[in-house]
Every structure is written in structure tokens, then in C-alpha cells.
$ cat data.cif   # mmCIF, C-alpha atoms and all ligand atoms
data_model
#
loop_
_atom_site.label_atom_id
_atom_site.label_comp_id
_atom_site.auth_asym_id
_atom_site.auth_seq_id
_atom_site.Cartn_x
_atom_site.Cartn_y
_atom_site.Cartn_z
CA MET I 1 -79.67 41.27 8.98
CA ASN I 2 -80.34 37.66 7.99
CA ARG I 3 -81.58 35.49 10.89
CA GLY I 4 -79.64 32.62 9.32
CA ASN I 5 -76.34 34.32 10.07
CA ARG I 6 -74.13 32.49 12.52
CA ILE I 7 -72.88 34.97 15.07
CA ALA I 8 -69.75 34.50 17.17
CA VAL I 9 -69.35 36.71 20.23
CA VAL I 10 -65.78 36.74 21.52
CA GLY I 11 -65.76 37.24 25.30
CA ALA I 12 -68.35 36.23 27.87
CA GLY I 13 -67.99 39.35 29.98
CA LEU I 14 -70.74 41.78 30.85
CA GLY I 15 -70.98 43.08 27.30
CA GLY I 16 -70.67 39.73 25.54
CA LEU I 17 -73.34 37.99 27.59
CA THR I 18 -75.75 40.90 27.27
CA CYS I 19 -75.19 41.13 23.53
CA ALA I 20 -75.59 37.36 23.04
CA ALA I 21 -78.78 37.27 25.12
CA PHE I 22 -80.41 40.02 23.07
CA LEU I 23 -79.37 38.49 19.75
CA GLN I 24 -80.66 35.06 20.80
CA ARG I 25 -84.00 36.62 21.70
CA GLU I 26 -84.12 38.00 18.19
CA GLY I 27 -83.71 34.50 16.82
CA PHE I 28 -80.03 34.51 15.89
CA ALA I 29 -77.77 31.50 16.32
CA VAL I 30 -75.13 32.86 18.67
CA THR I 31 -72.12 31.16 20.22
CA VAL I 32 -70.03 32.95 22.83
CA TYR I 33 -66.33 32.07 22.98
CA GLU I 34 -64.67 32.70 26.33
CA GLN I 35 -60.98 32.24 27.12
CA ALA I 36 -61.52 31.32 30.78
CA PRO I 37 -62.11 27.63 31.53
CA ALA I 38 -65.15 28.54 33.67
CA PHE I 39 -66.75 31.51 35.35
CA SER I 40 -65.35 32.37 38.75
CA ARG I 41 -66.59 34.79 41.36
CA ILE I 42 -64.07 37.60 40.97
CA GLY I 43 -64.27 41.37 41.19
CA ALA I 44 -66.09 43.68 43.52
CA GLY I 45 -69.26 45.71 43.49
CA ILE I 46 -70.86 47.03 40.34
CA ILE I 47 -73.28 49.91 40.28
CA LEU I 48 -76.26 49.34 38.04
CA SER I 49 -78.10 52.59 37.57
CA ALA I 50 -81.59 53.01 36.16
CA ASN I 51 -80.45 53.25 32.55
CA VAL I 52 -78.75 49.83 32.79
CA MET I 53 -81.65 48.29 34.67
CA LYS I 54 -84.05 49.44 31.97
CA VAL I 55 -81.99 47.56 29.38
CA LEU I 56 -81.59 44.43 31.51
CA ARG I 57 -85.32 44.50 32.28
CA ARG I 58 -85.86 43.67 28.62
CA LEU I 59 -83.88 40.47 29.18
CA GLY I 60 -86.30 39.53 31.95
CA ILE I 61 -83.62 39.56 34.66
CA GLU I 62 -84.53 42.69 36.64
CA ARG I 63 -86.16 40.76 39.49
CA ARG I 64 -83.19 38.40 39.87
CA LEU I 65 -80.80 41.35 39.93
CA LEU I 66 -82.85 43.07 42.63
CA GLU I 67 -82.67 39.88 44.69
CA ALA I 68 -78.90 39.51 44.12
CA GLY I 69 -78.01 43.13 44.86
CA ILE I 70 -78.74 45.79 47.41
CA SER I 71 -80.73 48.97 46.94
CA PRO I 72 -78.86 51.90 48.49
CA ASP I 73 -80.76 54.80 50.03
CA ALA I 74 -78.58 57.39 48.35
CA PHE I 75 -75.65 58.05 46.05
CA VAL I 76 -73.18 60.35 47.80
CA SER I 77 -70.14 61.84 46.10
CA ARG I 78 -67.47 63.00 48.55
CA ALA I 79 -64.26 65.03 48.33
CA TRP I 80 -61.36 62.56 48.48
CA ASP I 81 -59.46 64.43 51.20
CA THR I 82 -62.05 65.88 53.56
CA GLY I 83 -64.96 63.51 53.05
CA GLU I 84 -67.18 66.50 52.50
CA ALA I 85 -70.37 65.53 50.65
CA LEU I 86 -70.22 67.24 47.26
CA TYR I 87 -73.57 66.06 46.05
CA GLU I 88 -76.12 63.50 46.97
CA ILE I 89 -78.93 61.79 45.10
CA THR I 90 -81.68 60.24 47.18
CA LEU I 91 -82.65 56.84 45.84
CA ASP I 92 -86.23 55.95 46.67
CA ALA I 93 -89.56 55.14 45.07
CA ALA I 94 -89.77 58.67 43.67
CA SER I 95 -86.33 58.50 42.05
CA GLU I 96 -87.23 55.11 40.57
CA VAL I 97 -90.28 56.65 38.95
CA ARG I 98 -88.28 59.67 37.82
CA PHE I 99 -85.42 57.66 36.25
CA GLY I 100 -87.59 54.79 35.07
CA GLY I 101 -85.83 52.07 37.03
CA PRO I 102 -84.10 51.12 40.27
CA TYR I 103 -80.48 51.74 41.21
CA ILE I 104 -78.64 48.81 42.74
CA ASN I 105 -75.20 47.65 43.84
CA VAL I 106 -74.39 44.07 42.99
CA HIS I 107 -71.30 41.89 43.23
CA ARG I 108 -69.75 41.43 39.77
CA GLY I 109 -69.90 37.65 40.23
CA ASP I 110 -73.62 37.78 40.98
CA LEU I 111 -74.30 40.05 38.01
CA HIS I 112 -72.39 37.64 35.82
CA ALA I 113 -74.32 34.65 37.17
CA VAL I 114 -77.65 36.37 36.49
CA LEU I 115 -76.58 37.44 33.00
CA GLU I 116 -75.55 33.86 32.26
CA THR I 117 -79.13 32.72 32.92
CA ALA I 118 -80.28 35.03 30.11
CA VAL I 119 -78.09 33.23 27.56
CA ARG I 120 -79.28 30.00 25.93
CA PRO I 121 -77.81 26.99 27.79
CA GLY I 122 -74.88 25.42 25.99
CA SER I 123 -74.11 28.47 23.88
CA ILE I 124 -70.94 29.48 25.77
CA ALA I 125 -67.73 27.73 24.69
CA PHE I 126 -65.26 28.04 27.56
CA GLY I 127 -61.51 27.55 27.18
CA HIS I 128 -61.56 29.25 23.78
CA SER I 129 -59.01 32.04 23.65
CA LEU I 130 -59.20 33.77 20.29
CA VAL I 131 -55.83 34.20 18.56
CA GLY I 132 -56.82 34.84 14.96
CA LEU I 133 -59.55 35.65 12.47
CA GLU I 134 -59.35 34.52 8.85
CA GLN I 135 -61.69 35.40 6.03
CA THR I 136 -62.80 32.35 4.05
CA GLY I 137 -65.11 33.44 1.26
CA GLU I 138 -68.16 34.99 2.85
CA ALA I 139 -67.45 33.48 6.27
CA ILE I 140 -64.90 34.11 9.00
CA GLN I 141 -62.79 31.43 10.64
CA LEU I 142 -62.13 32.00 14.31
CA VAL I 143 -58.83 30.51 15.38
CA PHE I 144 -58.33 29.60 19.03
CA GLU I 145 -55.26 28.98 21.14
CA ASN I 146 -56.47 25.44 21.93
CA GLY I 147 -56.22 24.57 18.21
CA ALA I 148 -59.96 24.73 17.57
CA ARG I 149 -61.38 26.56 14.57
CA GLN I 150 -64.97 27.70 14.24
CA GLU I 151 -66.78 29.41 11.40
CA ALA I 152 -69.17 32.33 11.69
CA ASP I 153 -70.81 34.88 9.44
CA ILE I 154 -70.51 37.70 11.93
CA VAL I 155 -67.92 38.18 14.67
CA ILE I 156 -68.56 40.53 17.56
CA GLY I 157 -65.59 41.56 19.65
CA ALA I 158 -66.64 41.74 23.31
CA ASP I 159 -63.27 40.69 24.64
CA GLY I 160 -62.64 43.59 26.95
CA ILE I 161 -60.12 46.35 27.26
CA ARG I 162 -57.26 44.32 25.75
CA SER I 163 -59.40 43.14 22.87
CA LYS I 164 -57.74 40.69 20.50
CA VAL I 165 -60.50 41.30 17.97
CA ARG I 166 -59.71 45.00 18.01
CA ASP I 167 -55.97 44.28 17.62
CA ILE I 168 -56.59 42.07 14.60
CA LEU I 169 -58.96 44.56 13.03
CA LEU I 170 -56.71 47.57 13.58
CA LYS I 171 -53.66 45.67 12.31
CA GLN I 172 -55.57 45.01 9.10
CA ILE I 173 -56.41 48.67 8.78
CA ASP I 174 -52.75 49.62 9.43
CA GLU I 175 -51.62 47.21 6.74
CA LYS I 176 -54.09 48.73 4.32
CA GLN I 177 -52.69 52.18 5.14
CA ARG I 178 -49.12 50.99 4.61
CA ALA I 179 -50.11 49.54 1.24
CA GLN I 180 -50.83 53.10 0.17
CA PRO I 181 -47.51 54.88 0.91
CA GLY I 182 -47.70 58.63 0.63
CA ARG I 183 -51.17 58.58 2.14
CA LYS I 184 -51.33 59.54 5.77
CA VAL I 185 -54.18 58.75 8.12
CA GLU I 186 -55.09 62.45 8.08
CA ASP I 187 -55.49 62.27 4.29
CA ARG I 188 -58.55 60.10 4.64
CA THR I 189 -61.82 61.69 3.70
CA PRO I 190 -64.48 62.03 6.43
CA GLU I 191 -66.33 59.20 4.71
CA GLU I 192 -63.26 56.96 4.93
CA ARG I 193 -62.91 57.75 8.63
CA ASP I 194 -66.49 56.68 9.33
CA PRO I 195 -66.30 53.49 11.48
CA SER I 196 -69.46 52.08 9.92
CA ARG I 197 -67.64 52.11 6.57
CA ILE I 198 -64.89 49.96 8.05
CA LEU I 199 -67.58 47.59 9.27
CA ASP I 200 -68.82 47.20 5.71
CA ALA I 201 -65.37 46.30 4.38
CA PRO I 202 -65.71 43.03 2.48
CA ALA I 203 -62.85 41.50 4.43
CA TRP I 204 -64.89 41.66 7.62
CA ASN I 205 -68.58 40.95 7.78
CA ALA I 206 -69.19 42.81 11.01
CA PHE I 207 -67.50 43.83 14.17
CA CYS I 208 -68.79 45.35 17.35
CA GLN I 209 -68.98 49.08 16.68
CA THR I 210 -68.26 49.83 20.30
CA PHE I 211 -64.64 48.88 19.85
CA LEU I 212 -64.23 50.99 16.77
CA ARG I 213 -65.71 54.00 18.46
CA GLY I 214 -63.54 53.37 21.54
CA ALA I 215 -60.38 52.86 19.48
C1 LIG I 301 -62.72 48.37 39.38
C2 LIG I 301 -63.83 48.52 38.37
C3 LIG I 301 -65.08 48.93 38.80
C4 LIG I 301 -66.11 49.09 37.89
N1 LIG I 301 -67.34 49.47 38.32
C5 LIG I 301 -68.36 49.58 37.46
C6 LIG I 301 -69.66 49.91 37.93
O1 LIG I 301 -69.87 50.13 39.11
N2 LIG I 301 -70.67 49.98 37.04
C7 LIG I 301 -70.45 49.74 35.70
O2 LIG I 301 -71.41 49.82 34.91
N3 LIG I 301 -69.22 49.43 35.23
C8 LIG I 301 -68.18 49.35 36.07
N4 LIG I 301 -66.94 49.03 35.62
C9 LIG I 301 -66.75 48.87 34.18
C10 LIG I 301 -67.19 47.49 33.73
O3 LIG I 301 -66.54 46.51 34.47
C11 LIG I 301 -66.83 47.35 32.24
O4 LIG I 301 -67.41 48.40 31.51
C12 LIG I 301 -67.34 46.04 31.69
O5 LIG I 301 -66.83 44.94 32.43
C13 LIG I 301 -66.93 45.91 30.26
O6 LIG I 301 -67.54 44.75 29.76
P1 LIG I 301 -66.90 43.96 28.57
O7 LIG I 301 -67.85 42.83 28.25
O8 LIG I 301 -66.52 44.89 27.47
O9 LIG I 301 -65.52 43.38 29.12
P2 LIG I 301 -65.26 42.36 30.28
O10 LIG I 301 -66.39 42.34 31.24
O11 LIG I 301 -63.89 42.66 30.75
O12 LIG I 301 -65.26 40.95 29.54
C14 LIG I 301 -64.32 40.59 28.57
C15 LIG I 301 -64.35 39.07 28.46
O13 LIG I 301 -63.61 38.68 27.32
C16 LIG I 301 -62.79 37.58 27.65
N5 LIG I 301 -61.66 37.58 26.72
C17 LIG I 301 -60.63 38.46 26.65
N6 LIG I 301 -59.79 38.15 25.64
C18 LIG I 301 -60.32 37.05 25.04
C19 LIG I 301 -59.91 36.25 23.94
N7 LIG I 301 -58.79 36.51 23.22
N8 LIG I 301 -60.67 35.17 23.58
C20 LIG I 301 -61.81 34.88 24.28
N9 LIG I 301 -62.23 35.59 25.35
C21 LIG I 301 -61.50 36.68 25.72
C22 LIG I 301 -62.39 37.83 29.10
O14 LIG I 301 -61.97 36.65 29.75
C23 LIG I 301 -63.70 38.38 29.66
O15 LIG I 301 -64.55 37.35 30.13
C24 LIG I 301 -65.87 48.85 36.50
C25 LIG I 301 -64.62 48.44 36.07
C26 LIG I 301 -63.60 48.26 36.99
C27 LIG I 301 -62.23 47.82 36.50
#

$ encode --input "data.cif" --output "C-alpha cells" --more "lines below"
Ligand SMILES: Cc1cc2nc3c(=O)[nH]c(=O)nc-3n(C[C@H](O)[C@H](O)[C@H](O)COP(=O)(O)OP(=O)(O)OC[C@H]3O[C@@H](n4cnc5c(N)ncnc54)[C@H](O)[C@@H]3O)c2cc1C
Amino acid sequence: MNRGNRIAVVGAGLGGLTCAAFLQREGFAVTVYEQAPAFSRIGAGIILSANVMKVLRRLGIERRLLEAGISPDAFVSRAWDTGEALYEITLDAASEVRFGGPYINVHRGDLHAVLETAVRPGSIAFGHSLVGLEQTGEAIQLVFENGARQEADIVIGADGIRSKVRDILLKQIDEKQRAQPGRKVEDRTPEERDPSRILDAPAWNAFCQTFLRGA
């Protein structure tokens, strides 16, 4: 992938910030577009297990997360009605060695605040709610509710469970299907069903594969 590509990440949630931080470390010019006017301390506790901590360690934020969160002594799964312990994992120095990282509980707001420090200052555009994506030659125009338009070479949808990016992308695919009456979705060859093939479609330079797999 060309380092000169302008990358737009839609959504400054947990996924968007993490994605942007890694891409920026690789030298890409990344702007994150977030619909909210600012970050606010909402939500409850988030469990970050060793596999997540190992990834976030590579962003250099493990220490700050350990300071922001708490390290439980154990993970206990209980039956909902009796409270009986069904299984328990002891979390200690030995488990940290075994799993390759610590296991913490952190408030979502604190996790967000720490993740934000991993993103280049000034690269999050708040108050930008994506409403449309338009192909203009090789580039993509991002259209926002506030009337702004921005151009990017690659758009990554990280806009959560009600993803607008996913809606736009799937609508395009639906329209393509409808343009071929007599062909049902099931008629597609395995190659045509491959999400990575959709990503290569000339109409769209790139989209976050996570959404395609989750769709
Ligand atoms: C109650 C609860 C408990 C959970 N506990 C855990 C846990 O313990 N551990 C764990 O790993 N996971 C947990 N999860 C799951 C975790 O929260 C999600 O997997 C994670 O938040 C998904 O990240 P995301 O970046 O895809 O979406 P989000 O974090 O939801 O971020 C999406 C962002 O996109 C923005 N956005 C949306 N639409 C637009 C638009 N049109 N234009 C611009 N911006 C837009 C939103 O404002 C938001 O900031 C929990 C989830 C819930 C609901």
C-alpha cells in the first residue's frame, strides 16, 4: 500500500482509534472523522484480556492502561440463578507469563482517553457525521451531515454496530445485484462471494474488512 495514500477512518471508537494509531505509526496520513462533538466519559467497564493488551502494547500504551485500570485476582464465571462458580481462572504473575500479557478491567472512558493519546494530535475531526461516500476518479469524497466534504484515497469504516459505511457499501452491492435480474445472491461463484474481491472493486478503494466479514 502506498504511504502517500490519504486514509479516512470513520468513527473514533475503540476500533477506529486503534486502527488510526497503527496506521499513523506506519507513516500513513490518517484523519479520523467522528460524529460526536467531543469525547465524553460514557459506558462502563471493559475487560482487556492478554490478547488485547499484547496488541495495545505495540502502541506503547500498556503502562498507561495498567495505571488507568484494575488488575483482578481472578476471572469467575457463575451460573446466573444460583451463583455457583462454573469456572475460574486465576490471574497472577504466572498467568501473565502464560498468556503473554496482563488482564485488566478499565472504564470505557479511561480506555478511550488512553487510546486517544496514541493518535497524532489534531487528526480527529469531531462533529463529522458521515452521510455519504462518492467516488470521484481514483479518490473518494466523504460527505458529512454538517455540509463538509473531504477527500481520501482509502476509507475505513469503524463506525460501530450501526455502521453508515457498511450501509452505503451494502446498498451498492444490492444495486449491482438488482442490475443483473435473474441472478440470485446464491448464484454467485465462491470467488464472487469472497469479501476481499468486493474490497478490490474499482468503485471502492478499500473498506474495513471487519465489517464485510461481520455483515
Ligand atoms: C455493554 C457492553 C460491554 C462490553 N464489554 C466489552 C469488554 O469487556 N471487552 C471488550 O473487548 N469489548 C466489550 N464490548 C464490545 C466493545 O464495546 C465493542 O467491540 C467495541 O466498542 C467496538 O468498537 P468499534 O470501534 O467498532 O465501535 P464503537 O466503539 O461503537 O465506535 C464507533 C464510533 O463511530 C462513531 N460513529 C458512528 N456512526 C458514525 C458516522 N456516521 N459518522 C462518524 N462517526 C460515526 C460513533 O460515535 C463511535 O464513536 C462491550 C460492548 C457493550 C455494549

$ closest_atom_pairs --input "data.cif" --of "chain I" --to "ligand LIG 301 (chain I)" --cutoff "7 Å" --atoms "only C-alpha atoms and all ligand atoms" --output "tab-separated table"
residue	atom	partner	partner_atom	distance
I:Val10	CA	I:LIG301	C20	5.2
I:Gly11	CA	I:LIG301	O13	3.3
I:Ala12	CA	I:LIG301	O15	4.6
I:Gly13	CA	I:LIG301	O12	3.2
I:Leu14	CA	I:LIG301	O7	4.0
I:Gly15	CA	I:LIG301	O7	3.3
I:Gly16	CA	I:LIG301	O7	5.0
I:Tyr33	CA	I:LIG301	C20	5.5
I:Glu34	CA	I:LIG301	N9	3.9
I:Gln35	CA	I:LIG301	C20	4.0
I:Ala36	CA	I:LIG301	O14	5.4
I:Gly45	CA	I:LIG301	O1	6.3
I:Ile46	CA	I:LIG301	O1	3.5
I:Ile47	CA	I:LIG301	O1	3.6
I:Leu48	CA	I:LIG301	N2	5.7
I:His128	CA	I:LIG301	C20	5.7
I:Ser129	CA	I:LIG301	N8	3.5
I:Leu130	CA	I:LIG301	N8	3.9
I:Val131	CA	I:LIG301	N7	6.0
I:Ala158	CA	I:LIG301	O7	5.2
I:Asp159	CA	I:LIG301	O13	3.4
I:Gly160	CA	I:LIG301	O9	3.6
I:Ile161	CA	I:LIG301	O11	6.3
I:Arg162	CA	I:LIG301	N6	6.7
I:Ser163	CA	I:LIG301	N6	5.7
I:Lys164	CA	I:LIG301	N7	5.1

$ atom_distance --input "data.cif" --atom1 "atom CA of Pro121 of chain I" --atom2 "atom CA of Arg25 of chain I"
13.0 Å

$ atom_distance --input "data.cif" --atom1 "atom CA of Asn105 of chain I" --atom2 "atom CA of Cys19 of chain I"
21.3 Å

$ residues_around --input "data.cif" --residues "Arg64 of chain I" --least-positions-apart "4" --cutoff "12 Å" --atoms "all atoms listed in the file" --output "list in words"
Met53, Leu56, Arg57, Leu59, Gly60, Ala68, Gly69, Ile70, Ile104, Val106, Asp110, Leu111, His112, Ala113, Val114, Leu115, Glu116, Thr117 and Ala118 of chain I

$ residues_around --input "data.cif" --residues "Arg6 of chain I" --least-positions-apart "3" --cutoff "12 Å" --atoms "only C-alpha atoms" --output "PyMOL selection string"
chain I and resi 1-3+9+20+23-24+27-32+138-141+150-156+205-206

$ closest_residue --input "data.cif" --among "I:Glu88, I:Ile61, I:Leu170, I:Lys54" --to "Ala74 of chain I" --atoms "all atoms listed in the file"
I:Glu88

$ atom_distance --input "data.cif" --atom1 "atom CA of Gly137 of chain I" --atom2 "atom CA of Leu169 of chain I"
17.3 Å

$ build_atoms --input "data.cif" --residues "segment 43-76 of chain I" --atoms "N, CA and C atoms" --output "short mmCIF file (atom, residue, chain, number, x, y, z; two decimals), keeping the file's coordinate frame"
data_model
loop_
_atom_site.label_atom_id
_atom_site.label_comp_id
_atom_site.auth_asym_id
_atom_site.auth_seq_id
_atom_site.Cartn_x
_atom_site.Cartn_y
_atom_site.Cartn_z
N GLY I 43 -63.85 39.98 41.30
CA GLY I 43 -64.27 41.37 41.19
C GLY I 43 -64.98 41.85 42.44
N ALA I 44 -65.45 43.07 42.35
CA ALA I 44 -66.09 43.68 43.52
C ALA I 44 -67.49 44.16 43.12
N GLY I 45 -67.90 45.23 43.73
CA GLY I 45 -69.26 45.71 43.49
C GLY I 45 -69.39 46.46 42.18
N ILE I 46 -70.54 46.30 41.58
CA ILE I 46 -70.86 47.03 40.34
C ILE I 46 -72.12 47.83 40.60
N ILE I 47 -72.09 49.07 40.16
CA ILE I 47 -73.28 49.91 40.28
C ILE I 47 -74.11 49.73 39.02
N LEU I 48 -75.36 49.40 39.19
CA LEU I 48 -76.26 49.34 38.04
C LEU I 48 -77.30 50.44 38.23
N SER I 49 -77.16 51.47 37.44
CA SER I 49 -78.10 52.59 37.57
C SER I 49 -79.34 52.32 36.71
N ALA I 50 -80.28 53.24 36.79
CA ALA I 50 -81.59 53.01 36.16
C ALA I 50 -81.47 52.74 34.66
N ASN I 51 -80.53 53.44 34.01
CA ASN I 51 -80.45 53.25 32.55
C ASN I 51 -80.06 51.82 32.21
N VAL I 52 -79.15 51.24 33.02
CA VAL I 52 -78.75 49.83 32.79
C VAL I 52 -79.91 48.90 33.13
N MET I 53 -80.57 49.17 34.24
CA MET I 53 -81.65 48.29 34.67
C MET I 53 -82.78 48.26 33.63
N LYS I 54 -82.99 49.40 32.98
CA LYS I 54 -84.05 49.44 31.97
C LYS I 54 -83.71 48.52 30.79
N VAL I 55 -82.41 48.46 30.47
CA VAL I 55 -81.99 47.56 29.38
C VAL I 55 -82.10 46.11 29.83
N LEU I 56 -81.59 45.82 31.03
CA LEU I 56 -81.59 44.43 31.51
C LEU I 56 -83.00 43.92 31.81
N ARG I 57 -83.90 44.86 32.08
CA ARG I 57 -85.32 44.50 32.28
C ARG I 57 -85.85 43.79 31.04
N ARG I 58 -85.38 44.25 29.88
CA ARG I 58 -85.86 43.67 28.62
C ARG I 58 -85.34 42.25 28.42
N LEU I 59 -84.35 41.86 29.22
CA LEU I 59 -83.88 40.47 29.18
C LEU I 59 -84.63 39.62 30.21
N GLY I 60 -85.51 40.26 30.97
CA GLY I 60 -86.30 39.53 31.95
C GLY I 60 -85.52 39.18 33.22
N ILE I 61 -84.44 39.93 33.50
CA ILE I 61 -83.62 39.56 34.66
C ILE I 61 -83.62 40.63 35.76
N GLU I 62 -84.52 41.61 35.64
CA GLU I 62 -84.53 42.69 36.64
C GLU I 62 -84.80 42.15 38.05
N ARG I 63 -85.80 41.28 38.17
CA ARG I 63 -86.16 40.76 39.49
C ARG I 63 -84.99 40.02 40.12
N ARG I 64 -84.32 39.17 39.33
CA ARG I 64 -83.19 38.40 39.87
C ARG I 64 -82.05 39.33 40.29
N LEU I 65 -81.86 40.40 39.56
CA LEU I 65 -80.80 41.35 39.93
C LEU I 65 -81.14 42.06 41.24
N LEU I 66 -82.43 42.40 41.39
CA LEU I 66 -82.85 43.07 42.63
C LEU I 66 -82.63 42.14 43.82
N GLU I 67 -82.86 40.85 43.60
CA GLU I 67 -82.67 39.88 44.69
C GLU I 67 -81.18 39.68 44.98
N ALA I 68 -80.35 39.76 43.94
CA ALA I 68 -78.90 39.51 44.12
C ALA I 68 -78.17 40.72 44.70
N GLY I 69 -78.72 41.91 44.45
CA GLY I 69 -78.01 43.13 44.86
C GLY I 69 -78.63 43.80 46.07
N ILE I 70 -78.14 44.98 46.33
CA ILE I 70 -78.74 45.79 47.41
C ILE I 70 -79.20 47.11 46.81
N SER I 71 -80.21 47.69 47.42
CA SER I 71 -80.73 48.97 46.94
C SER I 71 -80.30 50.06 47.92
N PRO I 72 -79.31 50.86 47.55
CA PRO I 72 -78.86 51.90 48.49
C PRO I 72 -79.91 53.00 48.65
N ASP I 73 -79.82 53.70 49.78
CA ASP I 73 -80.76 54.80 50.03
C ASP I 73 -80.36 56.07 49.30
N ALA I 74 -79.05 56.15 48.98
CA ALA I 74 -78.58 57.39 48.35
C ALA I 74 -77.27 57.15 47.63
N PHE I 75 -76.97 58.02 46.68
CA PHE I 75 -75.65 58.05 46.05
C PHE I 75 -75.00 59.32 46.56
N VAL I 76 -73.86 59.18 47.23
CA VAL I 76 -73.18 60.35 47.80
C VAL I 76 -71.79 60.45 47.19
#
